[in-house]
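Novice: Following this line is my_file_9.txt, made up of compact mmCIF, C-alpha atoms and all ligand atoms:
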# COMPACT_ATOMS: atom_id res chain seq x y z
CA MET J 24 34.82 19.80 8.19
CA ILE J 25 32.08 17.18 8.29
CA LYS J 26 28.53 18.04 7.22
CA GLN J 27 27.09 14.55 7.01
CA VAL J 28 27.36 11.75 9.56
CA GLY J 29 25.62 8.55 8.51
CA PRO J 30 22.00 9.53 7.75
CA THR J 31 22.24 12.87 9.59
CA THR J 32 23.01 16.22 7.96
CA ILE J 33 24.73 18.69 10.28
CA ASN J 34 22.61 21.85 10.40
CA GLU J 35 24.10 25.30 10.74
CA HIS J 36 22.27 25.45 14.08
CA HIS J 37 22.30 21.92 15.46
CA LEU J 38 20.87 20.85 18.80
CA ALA J 39 22.78 18.70 21.23
CA SER J 40 21.59 17.15 24.48
CA CYS J 41 22.78 15.10 27.42
CA HIS J 42 21.39 11.60 27.86
CA CYS J 43 18.43 12.45 30.13
CA GLY J 44 17.51 15.56 28.12
CA ALA J 45 17.78 18.01 31.01
CA VAL J 46 20.57 19.89 29.23
CA VAL J 47 20.03 21.11 25.66
CA LEU J 48 22.60 23.09 23.71
CA ARG J 49 22.27 24.88 20.39
CA LEU J 50 25.54 24.75 18.49
CA HIS J 51 26.41 27.10 15.65
CA LEU J 52 28.15 24.82 13.14
CA PRO J 53 28.41 26.78 9.85
CA ASP J 54 31.39 24.57 8.89
CA GLY J 55 29.91 21.35 10.23
CA ILE J 56 31.90 19.25 12.69
CA VAL J 57 35.38 20.82 12.87
CA ASN J 58 38.49 18.95 14.00
CA PRO J 59 36.87 15.87 15.56
CA ARG J 60 39.37 14.00 17.69
CA ARG J 61 39.95 11.77 20.63
CA CYS J 62 42.48 12.61 23.30
CA ASP J 63 44.47 10.48 25.72
CA CYS J 64 44.89 13.03 28.54
CA SER J 65 43.87 11.98 32.04
CA ILE J 66 40.23 13.11 31.74
CA CYS J 67 39.59 12.27 28.07
CA ARG J 68 40.95 8.75 28.40
CA ARG J 69 38.29 8.18 31.05
CA LYS J 70 35.31 9.74 29.28
CA GLY J 71 36.25 8.43 25.83
CA ALA J 72 34.18 10.99 23.93
CA ILE J 73 34.92 12.23 20.43
CA VAL J 74 35.29 16.00 20.76
CA ALA J 75 35.06 18.81 18.18
CA SER J 76 35.60 22.57 18.47
CA VAL J 77 33.50 25.72 18.24
CA PRO J 78 34.27 29.34 19.20
CA LEU J 79 32.87 30.33 22.61
CA SER J 80 30.06 32.15 20.77
CA GLY J 81 29.14 28.86 19.08
CA ILE J 82 27.31 27.29 22.04
CA GLU J 83 24.05 28.53 23.48
CA ILE J 84 22.53 26.75 26.46
CA VAL J 85 18.87 26.34 25.56
CA GLN J 86 17.83 24.60 28.75
CA GLY J 87 19.28 23.00 31.84
CA HIS J 88 21.72 25.72 32.84
CA ASP J 89 20.93 24.86 36.47
CA LYS J 90 21.64 21.17 35.81
CA LEU J 91 25.12 21.74 34.42
CA ARG J 92 27.99 21.20 36.81
CA LEU J 93 31.53 22.46 36.41
CA TYR J 94 34.57 20.27 36.97
CA GLU J 95 38.07 21.74 37.15
CA PHE J 96 41.41 20.21 38.02
CA ASN J 97 45.14 20.81 37.87
CA THR J 98 45.66 24.30 36.33
CA LYS J 99 41.89 24.94 36.37
CA THR J 100 42.18 26.52 32.94
CA ALA J 101 39.85 24.08 31.27
CA LYS J 102 36.19 24.15 32.36
CA HIS J 103 34.55 20.76 32.01
CA TYR J 104 30.73 20.77 32.05
CA PHE J 105 28.50 17.79 32.60
CA CYS J 106 24.84 17.10 33.41
CA SER J 107 24.30 16.63 37.14
CA VAL J 108 21.34 14.32 36.49
CA CYS J 109 22.77 11.78 34.03
CA GLY J 110 26.47 12.57 34.33
CA ILE J 111 27.08 13.02 30.62
CA TYR J 112 29.88 15.37 29.53
CA THR J 113 28.44 17.98 27.15
CA HIS J 114 31.19 20.53 26.53
CA HIS J 115 34.28 22.18 27.96
CA GLN J 116 36.21 25.39 27.62
CA ARG J 117 39.52 24.32 26.18
CA ARG J 118 42.81 24.65 27.98
CA SER J 119 44.93 24.81 24.82
CA ASN J 120 42.59 27.44 23.32
CA PRO J 121 40.37 29.16 25.94
CA ASN J 122 38.60 31.00 23.10
CA GLU J 123 37.03 27.71 22.09
CA TYR J 124 34.70 25.11 23.50
CA GLY J 125 35.16 21.47 22.83
CA TYR J 126 31.87 19.57 22.71
CA ASN J 127 30.77 15.97 22.84
CA VAL J 128 30.06 14.91 19.25
CA GLY J 129 27.94 12.05 20.59
CA CYS J 130 25.50 14.60 22.08
CA LEU J 131 24.58 16.03 18.65
CA ASP J 132 21.02 15.16 17.62
CA GLY J 133 21.00 12.14 15.33
CA VAL J 134 24.78 11.73 15.24
CA ASN J 135 26.47 8.41 15.92
CA PRO J 136 30.13 9.37 16.29
CA PHE J 137 31.16 5.85 15.34
CA ASP J 138 30.02 6.77 11.80
CA ILE J 139 32.90 9.26 11.56
CA GLN J 140 35.89 7.63 9.90
CA ASP J 141 39.54 8.08 10.89
CA VAL J 142 39.19 10.18 14.04
CA PRO J 143 42.72 11.17 15.12
CA THR J 144 43.91 10.96 18.72
CA ASN J 145 45.53 14.02 20.29
CA ASP J 146 48.65 13.49 22.31
CA GLY J 147 47.09 14.73 25.54
CA VAL J 148 49.67 13.05 27.74
CA ASN J 149 52.18 15.58 26.41
CA HIS J 150 49.71 18.46 26.48
CA PRO J 151 50.67 21.47 24.29
CA ALA J 152 50.09 23.77 27.26
CA ASP J 153 52.72 21.78 29.18
CA ARG J 154 55.28 21.92 26.36
CA VAL J 155 55.11 25.71 25.90
CA ARG J 156 56.59 27.07 29.06
ZN ZN F 201 21.33 14.73 31.71
Give the structure from the file, written as structure tokens.
Specialist:
Amino acid sequence: MIKQVGPTTINEHHLASCHCGAVVLRLHLPDGIVNPRRCDCSICRRKGAIVASVPLSGIEIVQGHDKLRLYEFNTKTAKHYFCSVCGIYTHHQRRSNPNEYGYNVGCLDGVNPFDIQDVPTNDGVNHPADRVR
């Protein structure tokens, strides 16, 4: 769990936004940033974001619900959301744990994800949901 990133303290309720500001999320982060990681699956390798996890109850859309677009592919288990104005990925419902959202750490107010040291990379090419059959 990470409660400080560079100069920014992670609040229990921390705001996150897309680049243009149309979409604003309020994240409930009582344990700070949990399990930050990169992933090399087909979508993550393209977007390159550092992602962390919250329970589904941990994200509230404060504004821009009508600007969010949903992208699904393959098994359509994961729900990938992005701002239709600026194109920035904000969060997704996870395929490997549909009770959780992953969110874009770079969208957190005041957080530069490059200040987080030693971010591991998930083996998304061999996705856990593909191994357990
Ligand atoms: Zn936007």
Novice: With all atoms listed in the file counted, collect every polymer residue having an atom within 7 Å of ligand ZN 201 (chain F); state the result as a PyMOL selection string.
Specialist: chain J and resi 41-46+106-111
Novice: I want to know what sits within 9 Å of His103 (chain J), based on all atoms listed in the file, with residues of the same chain fewer than 3 positions away left out; could you give that as a PyMOL selection string?
Specialist: chain J and resi 92-95+112-117
Novice: Let me see the file: selected residues, C-alpha atoms, as an mmCIF file, in the coordinates of the input.
Specialist:
data_model
loop_
_atom_site.group_PDB
_atom_site.id
_atom_site.type_symbol
_atom_site.label_atom_id
_atom_site.label_comp_id
_atom_site.auth_asym_id
_atom_site.auth_seq_id
_atom_site.Cartn_x
_atom_site.Cartn_y
_atom_site.Cartn_z
ATOM 1 C CA ARG J 92 27.990 21.200 36.810
ATOM 2 C CA LEU J 93 31.530 22.460 36.410
ATOM 3 C CA TYR J 94 34.570 20.270 36.970
ATOM 4 C CA GLU J 95 38.070 21.740 37.150
ATOM 5 C CA TYR J 112 29.880 15.370 29.530
ATOM 6 C CA THR J 113 28.440 17.980 27.150
ATOM 7 C CA HIS J 114 31.190 20.530 26.530
ATOM 8 C CA HIS J 115 34.280 22.180 27.960
ATOM 9 C CA GLN J 116 36.210 25.390 27.620
ATOM 10 C CA ARG J 117 39.520 24.320 26.180
#
Novice: What's the separation between CA of Thr98 (chain J) and CA of Arg69 (chain J), in Å to one decimal place?
Specialist: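 Separation between CA of Thr98 (chain J) and CA of Arg69 (chain J): 18.5 Å.
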Novice: Here's a test: counting only C-alpha atoms, identify every protein, DNA and RNA residue with an atom at most 8 Å from (22.1, 27.7, 12.8) in the file's coordinate frame, and state them as a count of residues only.
Specialist: 8
Novice: Compare J:Gly87, J:Gly125, J:Gly29, J:Gly71 by their minimum atom-to-atom distance to Val57 (chain J), counting only C-alpha atoms, and give me the closest one.
Specialist: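 Residue with the minimum atom-to-atom distance to Val57 (chain J): J:Gly125.
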Novice: With all atoms listed in the file as the counted atoms, please give the residues lying no more than 10 Å from Ile25 (chain J), apart from itself and same-chain residues fewer than 3 positions off, as an MDAnalysis selection string.
Specialist: chainID J and resid 28 32:33 52 54:59 139
Novice: For Ile82 (chain J), work out the shell of residues within 8 Å, counting only C-alpha atoms and skipping chain neighbours fewer than 4 positions away, then give it as a list in words.
Specialist: Leu48, Arg49, Leu50, His51, Val77, Pro78 and Tyr124 of chain J
Novice: Between J:His88, J:Lys26, J:Lys99, J:Arg61, which has the minimum distance to Asn127 (chain J) (counting only C-alpha atoms)?
Specialist: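 Closest to Asn127 (chain J) of all the choices is J:Arg61.
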Novice: Which value, in Å to one decimal, gives the distance between CA of Thr31 (chain J) and CA of Asp138 (chain J)?
Specialist: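 Interatomic distance, CA of Thr31 (chain J) to CA of Asp138 (chain J): 10.1 Å.
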Novice: In Å, how far is it from CA of Cys67 (chain J) to CA of Gln27 (chain J)?
Specialist: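 Between CA of Cys67 (chain J) and CA of Gln27 (chain J) the gap works out to 24.6 Å.
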Novice: Using the file's own x, y and z axes, so that the box edges lie along x, y and z, what centre and edge lengths in Å (one decimal) does a box around every listed atom of region 67-86 of chain J get when 6 Å is added on each side? Give it as JSON.
Specialist:
{"center_x": 29.4, "center_y": 20.2, "center_z": 24.6, "size_x": 35.1, "size_y": 36.0, "size_z": 24.9}
